[in-house]
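Notes to accompany the following structure.
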Amino acid sequence: MLRVLDLTGGAARTTEDIFTGDSHPMPGGRVFGGQVLAQAVIAAERTTDDDRVPHSMHGYFLRPGDASRGLTFSVDRIHDGRSFSTRRTQAYQDGVPIFSMIASFERETPGLDHQATMPADVPDPDELAAAADAQAIHPLSQRLLADSPIEVLHAEGALYRAAAEPAVARQNVWVRTRRRIGDDPALHRAVLAYLSDLTIQESVLRAHGVAWADAGLKVASLDHAMWWHRPARADEWLLYSQESPSASGGRGLSTGRIFTRDGELVATVAQEIMVRTGAR
């Protein structure tokens, strides 16, 4: 993960800044969406002043990417104001855009401060880790998890082989990187974007009792939005609390809130997916 997030370039420029990056292997051969999110954020942030940090991004997944090939990122410096900067980043393969994002950066200033409350009665990650090996895991999911740089613990049980009963449109997941990644705040913000694409689709599936192993299931991310509220370390346990307010027309919407272990809200996420089921 750290290797693919270390983009090269930035000196090349036409009307836009150009960066290049690699993908890490994926069992299905498609680029992981969270990887492209994180790379796009890093590319955009490299074109802003050091005192400006991302506070929001809105992106669209346009085409599936090939994980065996590299990516090119172009950053358009749309606006630089006294307090805010806006960047548009597009990811390309073979000259065709596969992802498009607009992100806003701010020179942070003191202001109003409040937050939502962290969900109560969620098992501690240490408790869940002790039972994680006993969870039933689909062979493909096992490989994905083993190769993933992010450690994932489902508070309500994994969704790989079967969905828990009764069906509910929400879940809580503990996440963190598998090892320390240093102290660069920009890297931690990018990794937060990376892991924000993990498991957020599952609240849609849980609402209908659907598991990843169900025959005929097809899921694809359509768009992704994220708001960074407060600094956080991605290499310490974070609670990702997710729910789905709606599914219709072959699409499902999920929202998520990311909290530190001591209850500080650090980010909010929203994603819409295409979802197709076999017999449903």
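Here's how to read the names in the structure tokens: chain A, B, ... by the order shown, residue numbers from 1 in each chain, ligand numbers from 1 in the order shown.
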Could you find all residues in stretch 91-270 of chain A that DSSP calls alpha helix (DSSP H) from the backbone, and write them as a PyMOL selection string?
chain A and resi 125-132+139-147+185-196+202-207
Surrounding residues of A:Val191 excluding itself and chain neighbours under 3 positions, 7 Å, only C-alpha atoms, as a list in words:
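Final neighbour list, sorted by chain and number: Ala38, Leu187, His188, Tyr194, Leu195 and Ala234 of chain A.
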Store the residues picked out above, limited to C-alpha atoms, as an mmCIF file, in the first residue's frame.
```cif
data_model
loop_
_atom_site.group_PDB
_atom_site.id
_atom_site.type_symbol
_atom_site.label_atom_id
_atom_site.label_comp_id
_atom_site.auth_asym_id
_atom_site.auth_seq_id
_atom_site.Cartn_x
_atom_site.Cartn_y
_atom_site.Cartn_z
ATOM 1 C CA ALA A 38 -6.081 7.614 -1.840
ATOM 2 C CA LEU A 187 -0.314 9.951 4.463
ATOM 3 C CA HIS A 188 -2.747 9.221 7.296
ATOM 4 C CA TYR A 194 -8.142 4.119 1.244
ATOM 5 C CA LEU A 195 -9.881 2.253 4.058
ATOM 6 C CA ALA A 234 -4.882 5.275 10.402
#
```
All residues 10 Å or closer to A:Leu198, only C-alpha atoms, same chain fewer than 6 positions away omitted, as a PyMOL selection string:
chain A and resi 32-34+150+152+173+175+240
Kindly save the residues from that selection, with N, CA, C and O atoms included, as a compact mmCIF listing (two decimals), in the first residue's frame.
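What ended up in selection-v4.txt:
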```txt
# COMPACT_ATOMS: atom_id res chain seq x y z
N PHE A 32 -8.46 -1.75 -6.83
CA PHE A 32 -9.27 -1.47 -5.65
C PHE A 32 -9.62 0.00 -5.62
O PHE A 32 -8.75 0.87 -5.71
N GLY A 33 -10.91 0.30 -5.46
CA GLY A 33 -11.36 1.68 -5.50
C GLY A 33 -10.72 2.56 -4.45
O GLY A 33 -10.39 3.72 -4.71
N GLY A 34 -10.53 2.01 -3.23
CA GLY A 34 -9.91 2.80 -2.18
C GLY A 34 -8.50 3.22 -2.52
O GLY A 34 -8.03 4.30 -2.12
N ILE A 150 -4.94 -3.55 5.42
CA ILE A 150 -5.84 -3.07 6.45
C ILE A 150 -6.41 -4.25 7.24
O ILE A 150 -6.91 -5.21 6.66
N VAL A 152 -9.30 -5.76 9.51
CA VAL A 152 -10.74 -5.51 9.59
C VAL A 152 -11.38 -6.48 10.58
O VAL A 152 -11.18 -7.70 10.49
N VAL A 173 -17.54 -1.72 12.17
CA VAL A 173 -16.30 -2.42 11.78
C VAL A 173 -15.11 -1.66 12.35
O VAL A 173 -15.02 -0.43 12.21
N VAL A 175 -11.14 -0.90 12.07
CA VAL A 175 -10.14 -0.94 11.00
C VAL A 175 -8.87 -0.22 11.44
O VAL A 175 -8.91 0.72 12.24
N TYR A 240 -15.58 2.17 12.29
CA TYR A 240 -16.27 2.59 11.07
C TYR A 240 -17.73 2.14 11.22
O TYR A 240 -18.05 0.98 11.03
```
Excluding A:Phe73 and residues on its chain fewer than 5 positions from it, collect all residues at most 8 Å away from it, counting only C-alpha atoms, and give them as a PyMOL selection string.
chain A and resi 18-21+40+43+89-92
Using only C-alpha atoms, can you tell me which of A:Thr260, A:Ala186, A:Thr109, A:Asp197 comes closest to A:Asp6?
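Going through A:Thr260, A:Ala186, A:Thr109, A:Asp197 one by one, the smallest distance to A:Asp6 is for A:Ala186.
For the residues A:Arg82, A:Arg161, A:Arg77, A:Arg3, ranking by smallest atom-to-atom distance to A:Asp17 using only C-alpha atoms places A:Arg77 first.
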Which residue is closest to A:Glu127? Choose from A:Glu236, A:Trp174, A:Ile258, A:His229 and count only C-alpha atoms.
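Ranked by minimum distance to A:Glu127, first place goes to A:Trp174.
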Please provide the set of residues having any atom within 8 Å of A:Ala44, restricted to only C-alpha atoms, with same-chain residues fewer than 5 positions apart removed, written as an MDAnalysis selection string.
chainID A and resid 75 87:89 103
Hey, what does DSSP flag as strand (DSSP E or B) within stretch 36-192 of chain A? Can you give it to me as JSON, numbers by chain?
{"A": [52, 53, 54, 55, 56, 57, 58, 59, 60, 61, 66, 71, 72, 73, 74, 75, 76, 77, 78, 79, 80, 84, 85, 86, 87, 88, 89, 90, 91, 92, 93, 96, 97, 98, 99, 100, 101, 102, 103, 104, 105, 106, 107, 150, 151, 152, 153, 154, 170, 171, 172, 173, 174, 175, 176, 177]}
Work out how far atom CA of A:Trp227 is from atom CA of A:Ser56, in Å to one decimal.
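That distance, rounded to one decimal, is 4.3 Å.
Put simply, atom CA of A:Asp124 is 17.6 Å away from atom CA of A:Arg170.
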Of the residues A:Pro231, A:Pro245, A:Pro149, A:Gly157, which is the one nearest to A:Ala211, using only C-alpha atoms?
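Checking each candidate against A:Ala211, we get A:Gly157 as the closest.
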Name the residues in contact with A:Asp94 at a cut-off of 12 Å, using only C-alpha atoms, excluding same-chain residues fewer than 6 positions from it; report them as an mmCIF file with N, CA, C and O atoms, in the first residue's frame.
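Output below, filename result_11.cif:
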```cif
data_model
loop_
_atom_site.group_PDB
_atom_site.id
_atom_site.type_symbol
_atom_site.label_atom_id
_atom_site.label_comp_id
_atom_site.auth_asym_id
_atom_site.auth_seq_id
_atom_site.Cartn_x
_atom_site.Cartn_y
_atom_site.Cartn_z
ATOM 1 N N ARG A 63 -14.900 3.695 -14.806
ATOM 2 C CA ARG A 63 -14.632 2.404 -15.463
ATOM 3 C C ARG A 63 -13.805 1.551 -14.519
ATOM 4 O O ARG A 63 -13.060 2.076 -13.686
ATOM 5 N N GLY A 65 -10.643 -0.435 -13.362
ATOM 6 C CA GLY A 65 -9.234 -0.337 -13.707
ATOM 7 C C GLY A 65 -8.562 -1.690 -13.698
ATOM 8 O O GLY A 65 -9.008 -2.620 -13.025
ATOM 9 N N ASP A 66 -7.478 -1.823 -14.449
ATOM 10 C CA ASP A 66 -6.701 -3.050 -14.554
ATOM 11 C C ASP A 66 -5.561 -2.987 -13.536
ATOM 12 O O ASP A 66 -4.643 -2.176 -13.668
ATOM 13 N N ARG A 69 -1.696 -2.915 -14.376
ATOM 14 C CA ARG A 69 -1.123 -1.801 -15.125
ATOM 15 C C ARG A 69 -1.077 -0.547 -14.259
ATOM 16 O O ARG A 69 -1.809 -0.408 -13.283
ATOM 17 N N GLY A 70 -0.203 0.390 -14.650
ATOM 18 C CA GLY A 70 -0.063 1.632 -13.913
ATOM 19 C C GLY A 70 -1.176 2.621 -14.215
ATOM 20 O O GLY A 70 -2.017 2.398 -15.089
ATOM 21 N N LEU A 71 -1.177 3.718 -13.458
ATOM 22 C CA LEU A 71 -2.172 4.765 -13.638
ATOM 23 C C LEU A 71 -1.483 6.116 -13.797
ATOM 24 O O LEU A 71 -0.382 6.340 -13.275
ATOM 25 N N THR A 72 -2.155 7.010 -14.520
ATOM 26 C CA THR A 72 -1.714 8.389 -14.662
ATOM 27 C C THR A 72 -2.759 9.296 -14.026
ATOM 28 O O THR A 72 -3.963 9.103 -14.235
ATOM 29 N N PHE A 73 -2.295 10.265 -13.224
ATOM 30 C CA PHE A 73 -3.200 11.194 -12.545
ATOM 31 C C PHE A 73 -2.923 12.612 -13.031
ATOM 32 O O PHE A 73 -1.775 13.064 -13.040
#
```
Residues within 12 Å of A:Arg276, only C-alpha atoms, excluding chain neighbours under 2 positions, as a ChimeraX atom specification
/A:204-205,208,210,212,214-220,247-252,273-274,278-280
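Note that the spacing between atom CA of A:Ser83 and atom CA of A:Leu112 amounts to 16.5 Å.
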Quick one: of A:Thr277, A:His224, A:Ala155, A:Ala129, who's nearest to A:Ser100, counting only C-alpha atoms?
A:His224
